[in-house]
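Text of start37.cif (mmCIF, C-alpha atoms and all ligand atoms) as supplied:
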data_coords
#
loop_
_atom_site.label_atom_id
_atom_site.label_comp_id
_atom_site.auth_asym_id
_atom_site.auth_seq_id
_atom_site.Cartn_x
_atom_site.Cartn_y
_atom_site.Cartn_z
CA MET A 1 28.12 -43.98 10.72
CA PRO A 2 27.98 -41.26 13.33
CA HIS A 3 26.19 -42.16 16.50
CA ARG A 4 22.69 -40.86 16.89
CA ASN A 5 20.45 -41.03 19.84
CA PRO A 6 17.83 -43.74 19.13
CA HIS A 7 15.23 -41.86 21.19
CA PRO A 8 15.86 -38.38 20.11
CA ARG A 9 14.02 -35.42 21.54
CA THR A 10 15.30 -33.50 18.60
CA LYS A 11 15.31 -29.75 18.89
CA TYR A 12 14.31 -27.56 16.04
CA ALA A 13 17.43 -26.12 14.59
CA TYR A 14 15.67 -22.97 13.51
CA ILE A 15 12.43 -21.21 14.07
CA ILE A 16 11.41 -18.87 11.32
CA PRO A 17 11.72 -15.29 12.45
CA VAL A 18 8.60 -13.34 11.60
CA LEU A 19 10.54 -10.53 10.04
CA CYS A 20 11.11 -9.34 6.55
CA CYS A 21 14.76 -10.36 6.77
CA LEU A 22 13.45 -13.85 6.18
CA TRP A 23 13.90 -13.24 2.49
CA GLN A 24 17.58 -12.51 2.65
CA ALA A 25 19.52 -15.35 1.14
CA VAL A 26 21.52 -16.03 4.26
CA ALA A 27 21.78 -19.75 3.69
CA THR A 28 24.56 -21.02 1.57
CA ALA A 29 24.16 -23.92 -0.80
CA ASP A 30 26.19 -25.85 1.80
CA ALA A 31 23.56 -25.38 4.48
CA VAL A 32 20.86 -26.58 2.10
CA ASN A 33 22.92 -29.65 1.17
CA THR A 34 23.77 -30.46 4.78
CA GLN A 35 20.14 -30.29 5.90
CA TRP A 36 19.09 -32.29 2.89
CA GLU A 37 21.57 -35.06 3.78
CA ILE A 38 20.41 -35.06 7.41
CA MET A 39 16.85 -35.37 6.14
CA LEU A 40 17.76 -38.34 3.90
CA ARG A 41 19.42 -40.14 6.80
CA ALA A 42 16.40 -39.49 9.00
CA GLU A 43 14.20 -40.87 6.24
CA GLU A 44 16.28 -44.08 6.04
CA ASP A 45 16.03 -44.52 9.81
CA TYR A 46 12.32 -43.98 9.75
CA LYS A 47 11.83 -46.46 6.89
CA ARG A 48 13.76 -49.04 8.88
CA HIS A 49 11.62 -48.44 11.97
CA PRO A 50 8.25 -47.43 10.53
CA SER A 51 6.40 -48.06 13.78
CA SER A 52 8.76 -45.97 15.92
CA ASP A 53 7.20 -42.69 16.99
CA SER A 54 10.55 -41.17 17.80
CA TYR A 55 12.03 -41.90 14.35
CA GLN A 56 8.90 -40.51 12.78
CA SER A 57 9.16 -37.32 14.80
CA GLN A 58 12.90 -37.04 14.11
CA TYR A 59 12.20 -37.36 10.40
CA ALA A 60 9.49 -34.66 10.58
CA THR A 61 11.93 -32.34 12.38
CA ALA A 62 14.62 -32.98 9.77
CA ILE A 63 12.16 -32.07 7.01
CA ASN A 64 11.25 -28.90 8.95
CA ASN A 65 14.89 -27.90 9.23
CA TYR A 66 15.48 -28.57 5.56
CA ALA A 67 12.42 -26.43 4.74
CA VAL A 68 13.77 -23.59 6.89
CA VAL A 69 17.10 -23.48 5.02
CA LEU A 70 15.18 -23.55 1.75
CA VAL A 71 13.32 -20.46 2.93
CA HIS A 72 16.61 -18.73 3.76
CA ASP A 73 17.80 -19.66 0.30
CA GLY A 74 14.75 -17.97 -1.22
CA LYS A 75 13.07 -21.21 -2.35
CA VAL A 76 9.71 -20.49 -0.79
CA ASP A 77 7.52 -22.79 -2.88
CA GLN A 78 9.79 -25.77 -2.30
CA ALA A 79 9.86 -24.95 1.41
CA ILE A 80 6.05 -24.92 1.57
CA THR A 81 5.94 -28.42 0.02
CA GLN A 82 8.49 -29.68 2.55
CA PHE A 83 6.60 -28.18 5.50
CA GLU A 84 3.46 -29.88 4.27
CA ARG A 85 5.30 -33.24 4.16
CA ALA A 86 6.57 -32.71 7.70
CA ILE A 87 3.08 -31.84 8.95
CA ALA A 88 1.63 -34.96 7.28
CA LEU A 89 4.05 -36.99 9.45
CA ALA A 90 3.42 -35.05 12.67
CA PRO A 91 0.10 -33.23 12.33
CA GLN A 92 -0.12 -32.46 16.07
CA ASP A 93 3.24 -30.72 16.15
CA THR A 94 2.39 -27.06 16.57
CA ALA A 95 5.99 -25.91 15.96
CA LEU A 96 5.63 -27.28 12.43
CA THR A 97 2.19 -25.86 11.77
CA ASN A 98 3.20 -22.46 13.21
CA ASN A 99 6.27 -22.35 11.00
CA LEU A 100 4.25 -23.10 7.88
CA SER A 101 1.60 -20.59 8.92
CA SER A 102 4.24 -17.84 9.29
CA LEU A 103 5.79 -18.72 5.98
CA LEU A 104 2.43 -18.59 4.20
CA TYR A 105 1.68 -15.26 5.87
CA GLN A 106 5.01 -13.80 4.76
CA SER A 107 4.54 -15.02 1.25
CA ALA A 108 1.04 -13.44 1.29
CA ALA A 109 2.51 -10.12 2.46
CA GLN A 110 4.91 -10.20 -0.49
CA HIS A 111 1.99 -10.73 -2.85
CA VAL A 112 0.09 -7.83 -1.28
CA ASN A 113 3.13 -5.62 -1.95
CA LYS A 114 3.15 -6.83 -5.53
CA ARG A 115 -0.56 -5.97 -5.68
CA GLN A 116 -1.74 -9.53 -6.13
CA PRO A 117 -4.52 -9.68 -3.53
CA ARG A 118 -6.10 -12.83 -4.91
CA LYS A 119 -2.93 -14.87 -4.57
CA ALA A 120 -2.38 -13.33 -1.13
CA THR A 121 -5.89 -14.31 0.01
CA LYS A 122 -5.26 -17.95 -0.94
CA LEU A 123 -2.00 -18.01 1.01
CA LEU A 124 -3.64 -16.39 4.03
CA GLU A 125 -6.39 -19.01 4.03
CA GLY A 126 -3.61 -21.59 4.32
CA ALA A 127 -1.82 -19.59 7.02
CA LEU A 128 -5.00 -19.49 9.11
CA ARG A 129 -5.79 -23.14 8.51
CA TYR A 130 -2.42 -24.12 9.99
CA ASN A 131 -2.59 -21.57 12.77
CA PRO A 132 -6.02 -19.96 13.34
CA ALA A 133 -4.38 -17.73 15.97
CA ASN A 134 -1.96 -16.10 13.52
CA VAL A 135 -2.79 -12.48 14.35
CA LYS A 136 -0.65 -11.01 11.57
CA ALA A 137 -2.45 -13.14 9.00
CA LEU A 138 -5.83 -11.99 10.36
CA LEU A 139 -4.74 -8.35 10.21
CA LEU A 140 -3.55 -8.67 6.64
CA GLN A 141 -6.69 -10.51 5.57
CA GLY A 142 -8.73 -7.68 7.10
CA ASP A 143 -6.66 -5.15 5.13
CA ILE A 144 -7.41 -6.97 1.87
CA TYR A 145 -11.15 -7.06 2.60
CA TYR A 146 -11.08 -3.41 3.63
CA ASP A 147 -9.33 -2.38 0.42
CA LYS A 148 -11.96 -4.23 -1.61
CA GLN A 149 -14.64 -2.37 0.36
CA GLN A 150 -15.84 -5.66 1.96
CA LEU A 151 -16.25 -3.90 5.28
CA LYS A 152 -18.32 -6.51 7.10
CA LYS A 153 -15.75 -9.21 6.39
CA ALA A 154 -12.89 -6.89 7.39
CA GLU A 155 -14.61 -6.13 10.67
CA ARG A 156 -15.19 -9.82 11.35
CA VAL A 157 -11.55 -10.84 10.95
CA TRP A 158 -10.22 -7.83 12.84
CA LYS A 159 -12.59 -8.67 15.71
CA LYS A 160 -11.12 -12.17 15.77
CA ALA A 161 -7.64 -10.65 15.87
CA ALA A 162 -8.69 -8.32 18.71
CA LEU A 163 -9.82 -11.29 20.82
CA LEU A 164 -6.39 -12.90 20.35
CA ALA A 165 -4.38 -9.72 20.94
CA PRO A 166 -6.57 -7.29 22.91
CA GLU A 167 -3.64 -4.97 23.65
CA ASN A 168 -2.59 -4.48 20.03
CA PRO A 169 -3.23 -0.80 19.16
CA THR A 170 -3.17 -1.36 15.37
CA ILE A 171 -6.11 -3.75 15.59
CA GLN A 172 -8.05 -1.28 17.72
CA GLN A 173 -7.40 1.50 15.18
CA GLN A 174 -8.49 -0.69 12.27
CA LEU A 175 -11.65 -1.66 14.11
CA LEU A 176 -12.52 1.93 14.88
CA ARG A 177 -11.92 2.90 11.25
CA VAL A 178 -14.09 0.13 9.84
CA THR A 179 -16.91 0.77 12.34
CA GLN A 180 -16.98 4.46 11.39
CA ASP A 181 -16.93 3.62 7.69
CA ARG A 182 -19.70 1.04 8.01
CA SER A 183 -22.01 3.50 9.72
CA VAL A 184 -22.07 5.52 6.48
CA GLU A 185 -21.04 3.21 3.67
CA ASP A 186 -23.03 0.04 4.42
CA SER A 187 -26.04 1.34 2.56
CA PHE A 188 -24.12 2.57 -0.50
CA ARG A 189 -25.17 1.41 -3.94
CA ARG A 190 -22.64 -0.61 -5.81
CA LEU A 191 -21.88 -0.09 -9.47
CA PRO A 192 -20.62 -2.78 -11.76
CA GLN A 193 -17.53 -1.33 -13.40
CA SER A 194 -14.50 -3.43 -13.93
CA ARG A 195 -11.65 -0.95 -13.58
CA PHE A 196 -13.04 0.86 -10.57
CA ASN A 197 -14.99 -0.47 -7.64
CA ILE A 198 -17.52 2.36 -7.39
CA ARG A 199 -19.91 2.75 -4.44
CA TYR A 200 -22.14 5.69 -3.85
CA SER A 201 -24.59 6.99 -1.35
CA ARG A 202 -28.28 6.16 -1.70
CA GLU A 203 -28.94 9.82 -1.05
CA LEU A 204 -27.35 10.73 -4.39
CA PRO A 205 -29.27 10.75 -7.69
CA ALA A 206 -28.64 7.97 -10.21
CA SER A 207 -27.12 10.50 -12.63
CA ALA A 208 -24.15 10.81 -10.27
CA GLU A 209 -23.21 7.33 -11.36
CA THR A 210 -22.75 8.06 -15.07
CA THR A 211 -21.00 11.30 -14.33
CA LEU A 212 -18.44 9.71 -12.06
CA ARG A 213 -17.87 6.78 -14.36
CA GLU A 214 -17.17 9.07 -17.32
CA ILE A 215 -14.85 11.36 -15.40
CA LEU A 216 -12.92 8.40 -14.04
CA SER A 217 -12.35 6.79 -17.44
CA GLU A 218 -11.18 10.11 -18.81
CA ALA A 219 -8.81 10.57 -15.87
CA TYR A 220 -7.56 7.01 -16.27
CA GLN A 221 -6.55 7.68 -19.88
CA ALA A 222 -5.20 11.21 -19.56
CA ILE A 223 -3.31 10.85 -16.28
CA GLY A 224 -2.08 7.45 -17.46
CA ARG A 225 -0.57 9.17 -20.49
CA ASP A 226 1.11 11.86 -18.37
CA PHE A 227 2.65 9.38 -15.96
CA ARG A 228 3.11 6.68 -18.59
CA HIS A 229 1.41 4.44 -16.09
CA TYR A 230 -2.12 3.04 -16.12
CA ALA A 231 -3.27 1.89 -12.69
CA LYS A 232 -3.18 -1.90 -12.60
CA GLN A 233 -4.97 -2.29 -9.34
CA ARG A 234 -8.75 -2.03 -9.09
CA ILE A 235 -9.37 1.21 -7.24
CA THR A 236 -12.26 1.67 -4.86
CA VAL A 237 -14.08 4.98 -5.31
CA LEU A 238 -16.65 6.12 -2.75
CA LEU A 239 -19.03 8.94 -3.44
CA TYR A 240 -20.75 10.60 -0.46
CA THR A 241 -23.09 13.42 0.18
CA ARG A 242 -21.24 16.29 1.86
CA GLU A 243 -22.89 15.49 5.21
CA GLU A 244 -21.94 11.82 5.02
CA PHE A 245 -18.38 12.72 4.04
CA HIS A 246 -17.90 14.73 7.22
CA GLU A 247 -19.92 12.39 9.41
CA ARG A 248 -17.34 9.64 8.80
CA ARG A 249 -14.35 11.58 10.05
CA GLN A 250 -15.32 14.28 12.47
CA ASP A 251 -11.80 15.70 12.54
CA LEU A 252 -11.73 16.63 8.84
CA PRO A 253 -11.74 20.37 8.25
CA GLU A 254 -14.58 21.79 6.17
CA TRP A 255 -12.33 22.70 3.26
CA ILE A 256 -11.30 19.15 2.39
CA GLY A 257 -12.66 18.43 -1.09
CA GLY A 258 -11.71 14.77 -1.34
CA GLN A 259 -9.45 12.19 0.17
CA TYR A 260 -7.17 9.39 -0.90
CA ASP A 261 -6.26 6.81 1.73
CA GLY A 262 -5.93 3.77 -0.50
CA LYS A 263 -9.50 4.49 -1.67
CA ILE A 264 -10.75 7.59 -3.41
CA ARG A 265 -13.38 9.33 -1.28
CA LEU A 266 -15.32 12.24 -2.67
CA PRO A 267 -18.25 14.34 -1.54
CA LEU A 268 -20.65 15.40 -4.27
CA THR A 269 -22.07 18.83 -3.69
CA THR A 270 -24.16 19.46 -6.74
CA THR A 271 -26.21 17.15 -8.90
CA HIS A 272 -24.90 18.27 -12.25
CA VAL A 273 -21.38 18.13 -13.61
CA ASP A 274 -19.36 20.73 -11.90
CA PRO A 275 -15.76 21.47 -12.99
CA GLU A 276 -14.80 21.65 -9.32
CA PHE A 277 -15.96 18.07 -8.83
CA LYS A 278 -14.13 16.93 -11.95
CA ARG A 279 -11.04 18.64 -10.63
CA SER A 280 -11.33 16.71 -7.36
CA VAL A 281 -11.68 13.39 -9.20
CA TRP A 282 -8.53 14.11 -11.22
CA HIS A 283 -6.69 15.21 -8.10
CA GLU A 284 -7.57 12.08 -6.11
CA TYR A 285 -7.03 9.72 -9.02
CA THR A 286 -3.50 11.17 -9.45
CA HIS A 287 -2.81 10.18 -5.83
CA ALA A 288 -3.89 6.63 -6.66
CA VAL A 289 -1.48 6.45 -9.62
CA ILE A 290 1.38 7.91 -7.56
CA HIS A 291 0.67 5.47 -4.76
CA GLU A 292 0.99 2.56 -7.14
CA LEU A 293 4.13 3.90 -8.85
CA GLY A 294 5.90 5.08 -5.73
CA GLN A 295 4.87 2.32 -3.32
CA GLY A 296 3.65 5.02 -0.93
CA ARG A 297 7.12 6.64 -0.70
CA CYS A 298 6.49 9.89 -2.58
CA PRO A 299 6.87 12.92 -0.25
CA VAL A 300 3.48 14.43 0.62
CA TRP A 301 4.23 17.86 -0.87
CA LEU A 302 5.25 16.35 -4.22
CA ASN A 303 2.25 14.03 -4.15
CA GLU A 304 -0.11 16.95 -3.52
CA GLY A 305 1.73 19.16 -6.04
CA LEU A 306 1.32 16.54 -8.77
CA ALA A 307 -2.34 15.98 -7.88
CA GLU A 308 -2.93 19.74 -8.10
CA TYR A 309 -1.04 19.92 -11.38
CA GLU A 310 -3.41 17.31 -12.88
CA GLY A 311 -6.49 18.83 -11.20
CA ASN A 312 -5.59 22.23 -12.65
CA LYS A 313 -6.05 20.77 -16.11
CA GLN A 314 -9.77 20.54 -15.28
CA LYS A 315 -10.13 23.80 -13.47
CA ARG A 316 -7.24 26.15 -12.96
CA ARG A 317 -6.86 27.56 -9.50
CA PRO A 318 -5.17 30.93 -9.19
CA TYR A 319 -2.17 31.34 -6.90
CA VAL A 320 -4.02 33.55 -4.42
CA TYR A 321 -1.66 33.54 -1.43
CA LEU A 322 1.55 32.55 -3.19
CA SER A 323 1.40 35.47 -5.63
CA GLU A 324 1.15 37.87 -2.66
CA TYR A 325 4.29 36.35 -1.20
CA ILE A 326 6.18 36.62 -4.46
CA LYS A 327 5.03 40.18 -5.08
CA SER A 328 6.15 41.27 -1.62
CA GLY A 329 9.66 39.98 -2.41
CA LYS A 330 9.60 37.71 0.66
CA GLU A 331 11.52 34.47 0.56
CA VAL A 332 9.33 31.36 0.29
CA PRO A 333 11.24 28.75 2.28
CA PHE A 334 11.37 25.14 1.08
CA VAL A 335 10.57 23.99 4.60
CA LEU A 336 7.05 25.27 4.06
CA LEU A 337 6.53 22.34 1.73
CA ILE A 338 7.59 19.89 4.39
CA GLN A 339 5.63 21.50 7.23
CA GLY A 340 2.66 22.67 5.22
CA PHE A 341 1.09 19.25 4.93
CA GLY A 342 1.92 17.86 8.35
CA GLN A 343 -1.35 18.57 10.09
CA TYR A 344 -4.76 19.69 9.10
CA GLN A 345 -4.69 23.40 9.57
CA ASP A 346 -6.52 26.59 8.75
CA LEU A 347 -7.62 27.24 5.19
CA GLU A 348 -5.08 29.98 4.51
CA SER A 349 -1.94 28.01 5.48
CA ALA A 350 -3.26 24.90 3.74
CA THR A 351 -3.99 26.84 0.54
CA LEU A 352 -0.54 28.42 0.57
CA ALA A 353 1.10 25.00 0.93
CA TYR A 354 -0.99 23.58 -1.94
CA GLU A 355 -0.23 26.56 -4.16
CA PHE A 356 3.48 26.33 -3.42
CA ALA A 357 3.64 22.57 -4.09
CA SER A 358 1.59 22.87 -7.24
CA SER A 359 3.77 25.73 -8.54
CA VAL A 360 6.98 23.72 -7.95
CA VAL A 361 5.50 20.86 -9.98
CA ALA A 362 4.30 23.25 -12.71
CA PHE A 363 7.82 24.72 -12.85
CA LEU A 364 9.38 21.25 -13.21
CA ALA A 365 6.92 20.26 -15.93
CA ASP A 366 7.43 23.55 -17.75
CA ARG A 367 11.23 23.57 -17.66
CA TYR A 368 12.11 19.88 -17.82
CA GLY A 369 9.02 18.08 -19.15
CA ALA A 370 6.44 15.95 -17.33
CA TRP A 371 8.13 12.72 -18.40
CA HIS A 372 10.60 12.97 -15.49
CA PHE A 373 7.82 12.50 -12.94
CA LYS A 374 7.40 8.79 -13.50
CA ARG A 375 11.14 8.13 -13.23
CA LEU A 376 11.43 10.22 -10.09
CA ILE A 377 8.49 8.54 -8.36
CA LYS A 378 9.62 5.06 -9.39
CA ALA A 379 13.09 5.71 -7.97
CA LEU A 380 11.52 6.85 -4.69
CA GLY A 381 9.35 3.73 -4.71
CA GLU A 382 12.49 1.64 -5.04
CA GLY A 383 13.77 3.25 -1.85
CA GLU A 384 16.08 5.98 -3.18
CA ALA A 385 16.33 9.07 -0.97
CA PHE A 386 14.47 12.11 -2.32
CA PRO A 387 17.49 14.48 -2.72
CA ASP A 388 19.47 11.80 -4.61
CA ALA A 389 16.64 10.76 -6.91
CA PHE A 390 15.77 14.41 -7.54
CA HIS A 391 19.35 15.37 -8.31
CA ARG A 392 19.73 12.52 -10.79
CA GLU A 393 16.58 13.58 -12.67
CA TYR A 394 16.99 17.35 -12.65
CA HIS A 395 20.66 18.01 -11.80
CA LEU A 396 19.48 20.36 -9.07
CA LYS A 397 20.40 20.22 -5.40
CA VAL A 398 17.47 20.28 -3.00
CA PRO A 399 16.59 22.73 -1.62
CA GLU A 400 18.99 25.58 -2.62
CA GLN A 401 19.28 25.14 -6.38
CA LEU A 402 15.70 24.00 -6.80
CA MET A 403 14.39 27.02 -4.88
CA ARG A 404 16.60 29.46 -6.79
CA LYS A 405 15.46 28.20 -10.19
CA TRP A 406 11.85 27.96 -9.09
CA ARG A 407 11.90 31.54 -7.80
CA GLU A 408 13.19 32.86 -11.15
CA TRP A 409 10.37 31.00 -12.88
CA ALA A 410 7.78 32.04 -10.30
CA GLU A 411 8.52 35.75 -10.70
CA THR A 412 6.86 35.65 -14.13
CA ASN A 413 4.59 32.61 -13.86
CA VAL A 414 2.92 32.84 -10.45
CA LYS A 415 0.18 35.39 -10.80
ZN ZN A 501 -4.50 15.56 -2.31
#
Using structure tokens, write down the structure from this file.
Ligand SMILES: [Zn+2]
Amino acid sequence: MPHRNPHPRTKYAYIIPVLCCLWQAVATADAVNTQWEIMLRAEEDYKRHPSSDSYQSQYATAINNYAVVLVHDGKVDQAITQFERAIALAPQDTALTNNLSSLLYQSAAQHVNKRQPRKATKLLEGALRYNPANVKALLLQGDIYYDKQQLKKAERVWKKAALLAPENPTIQQQLLRVTQDRSVEDSFRRLPQSRFNIRYSRELPASAETTLREILSEAYQAIGRDFRHYAKQRITVLLYTREEFHERRQDLPEWIGGQYDGKIRLPLTTTHVDPEFKRSVWHEYTHAVIHELGQGRCPVWLNEGLAEYEGNKQKRRPYVYLSEYIKSGKEVPFVLLIQGFGQYQDLESATLAYEFASSVVAFLADRYGAWHFKRLIKALGEGEAFPDAFHREYHLKVPEQLMRKWREWAETNVK
């Protein structure tokens, strides 16, 4: 038998890197087998000397190292079980508890990406039990609460995170955001509706409730049909008075009619059903569907163009500025789509950008059919670059060929 130090101060062979590359299968089956054999030998030694602290700690370390190679091999559940065994042997060993805490956090983050917040919450509870100072776990838990509109809870965990990492700018931003939101939204009424988590201002009449609920279910069906995708996630919808809407974010320009930032936020201007309001609901709900399909990777102009395309089905908006451009014979450069949505700007430039984006989407739907949209957005969500994904769907090079074909179409259709 190879010689082993009877009083080992065994070093951890690996510490789990808190990076997404954790999930790459870098371990070979050999590494798993080797660590497993080392673990079995450590177990034998420990069973022979059950009262020896050093054998016990060596055994715990061997289990830890075995768990780490399991993680690298993609066997996360098995690794969690092994970490738990190691911790049962050496509960005071913070290297072990920190490793398990990071693993549980990373597994939770994967579940958040797969839109399984309940499973993620359970894993995060574990992560924080093993390491209450796991800042990343606190941040992610705050995000989940925030998405579910549980603002008080989100604020509480982010405050905890801020105490642990006072210099972290992300935590400060999240805290500012939630404090601003709470000042307006804390008093909102809550509506029981399973598909949407609807909250609305106490200043609004009760009839606003039925109206919004009806419009949303209609949008859910119709936009779901267009995109061949029905939102799986429960979407939070917040309905404000116009004053409250602007009070929340002072930097929003007056012309903003709604917002999607993971939640749908809408100001209600009139008390009765107004096609303009319905249009806004359809517009914002389209963003929610695109977000889910494209994992947040759809270019802004296309996202806005699609939202306008759906919104136009409720109330058509004329191409006020774009038609002037076309009539004058001026070139409308593609770059306008990229720059047009970068910053909040004046009403005229913003309207032109929206009209341009919406006309490009209308052209694509008209010439090629709306069924391409889902495939395009899904490909982007899977990480494909926009020009490649676009070329595969439409056989057009971006921007030259797309702009040429669009212009021909626009000459007769943009009025
Ligand atoms: Zn929009």
What does the distance from CA of Lys397 in chain A to CA of Lys313 in chain A come to in Å, to one decimal?
28.5 Å
Name the closest residue to ligand ZN 501 (chain A) among the candidates A:Gln58, A:Gln174, A:Ser280, A:Thr179; distances are taken between atoms, counting all atoms listed in the file.
A:Ser280
From (4.8, 21.1, -15.4), in the file's coordinates, out to 12 Å: which residues are reached, counting only C-alpha atoms? Answer as an MDAnalysis selection string.
chainID A and resid 226:227 305:310 312:313 357:373 406 409 413
Using all atoms listed in the file, what table do you get, as JSON lines, when you list each residue of chain A with an atom no more than 7 Å from ligand ZN 501 (chain A), its nearest pair of atoms, and their distance in Å rounded to one decimal, rows by chain then rising number?
{"residue": "A:Gln259", "atom": "CA", "partner": "A:ZN501", "partner_atom": "ZN", "distance": 6.5}
{"residue": "A:Tyr260", "atom": "CA", "partner": "A:ZN501", "partner_atom": "ZN", "distance": 6.9}
{"residue": "A:His283", "atom": "CA", "partner": "A:ZN501", "partner_atom": "ZN", "distance": 6.2}
{"residue": "A:Glu284", "atom": "CA", "partner": "A:ZN501", "partner_atom": "ZN", "distance": 6.0}
{"residue": "A:His287", "atom": "CA", "partner": "A:ZN501", "partner_atom": "ZN", "distance": 6.6}
{"residue": "A:Glu304", "atom": "CA", "partner": "A:ZN501", "partner_atom": "ZN", "distance": 4.8}
{"residue": "A:Ala307", "atom": "CA", "partner": "A:ZN501", "partner_atom": "ZN", "distance": 6.0}
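The space separating CA of Leu347 in chain A from CA of Leu268 in chain A comes to 20.0 Å.
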With distances taken over only C-alpha atoms, which of A:His246, A:Lys378, A:Lys75, A:Arg115 is nearest to His229 in chain A?
A:Lys378
What's the 9 Å shell around Ala86 in chain A, counting all atoms listed in the file, without same-chain residues fewer than 6 positions away, as JSON, numbers by chain?
{"A": [57, 59, 60, 61, 62, 63, 64, 96]}
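Straight-line separation from CA of Ile144 in chain A to CA of Arg85 in chain A: 29.3 Å.
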Between A:Leu103, A:Ala208, A:Ile223, A:Cys298, which residue has the minimum interatomic distance to Phe277 in chain A, considering all atoms listed in the file?
A:Ala208
With N, CA, C and O atoms as the target, complete range 41-55 of chain A and hand it back as a CSV table (one decimal), keeping the file's coordinate frame.
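The resulting file, selection-v4.csv, is shown below:
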chain,number,residue,atom,x,y,z
A,41,ARG,N,19.0,-39.1,5.8
A,41,ARG,CA,19.4,-40.1,6.8
A,41,ARG,C,18.2,-40.4,7.7
A,41,ARG,O,17.9,-41.5,8.1
A,42,ALA,N,17.6,-39.3,8.1
A,42,ALA,CA,16.4,-39.5,9.0
A,42,ALA,C,15.3,-40.3,8.3
A,42,ALA,O,14.6,-41.1,8.9
A,43,GLU,N,15.2,-40.1,7.0
A,43,GLU,CA,14.2,-40.9,6.2
A,43,GLU,C,14.5,-42.4,6.2
A,43,GLU,O,13.7,-43.2,6.5
A,44,GLU,N,15.9,-42.7,6.0
A,44,GLU,CA,16.3,-44.1,6.0
A,44,GLU,C,15.9,-44.7,7.4
A,44,GLU,O,15.4,-45.8,7.4
A,45,ASP,N,16.3,-44.0,8.5
A,45,ASP,CA,16.0,-44.5,9.8
A,45,ASP,C,14.5,-44.8,10.0
A,45,ASP,O,14.1,-45.8,10.5
A,46,TYR,N,13.8,-43.8,9.6
A,46,TYR,CA,12.3,-44.0,9.8
A,46,TYR,C,11.8,-45.2,8.9
A,46,TYR,O,10.9,-45.9,9.4
A,47,LYS,N,12.3,-45.3,7.7
A,47,LYS,CA,11.8,-46.5,6.9
A,47,LYS,C,12.2,-47.8,7.5
A,47,LYS,O,11.5,-48.8,7.4
A,48,ARG,N,13.3,-47.8,8.2
A,48,ARG,CA,13.8,-49.0,8.9
A,48,ARG,C,12.9,-49.3,10.1
A,48,ARG,O,12.8,-50.4,10.5
A,49,HIS,N,12.4,-48.3,10.8
A,49,HIS,CA,11.6,-48.4,12.0
A,49,HIS,C,10.3,-47.7,11.8
A,49,HIS,O,10.0,-46.7,12.5
A,50,PRO,N,9.5,-48.2,10.9
A,50,PRO,CA,8.2,-47.4,10.5
A,50,PRO,C,7.3,-47.3,11.7
A,50,PRO,O,6.4,-46.4,11.7
A,51,SER,N,7.4,-48.2,12.7
A,51,SER,CA,6.4,-48.1,13.8
A,51,SER,C,6.9,-47.2,15.0
A,51,SER,O,6.3,-47.1,16.0
A,52,SER,N,8.2,-46.7,14.8
A,52,SER,CA,8.8,-46.0,15.9
A,52,SER,C,8.3,-44.5,15.9
A,52,SER,O,8.6,-43.8,14.9
A,53,ASP,N,7.7,-44.1,16.9
A,53,ASP,CA,7.2,-42.7,17.0
A,53,ASP,C,8.4,-41.7,17.0
A,53,ASP,O,8.3,-40.7,16.4
A,54,SER,N,9.4,-42.1,17.7
A,54,SER,CA,10.6,-41.2,17.8
A,54,SER,C,11.3,-41.0,16.5
A,54,SER,O,11.7,-39.9,16.1
A,55,TYR,N,11.4,-42.1,15.7
A,55,TYR,CA,12.0,-41.9,14.4
A,55,TYR,C,11.1,-41.1,13.4
A,55,TYR,O,11.6,-40.3,12.6
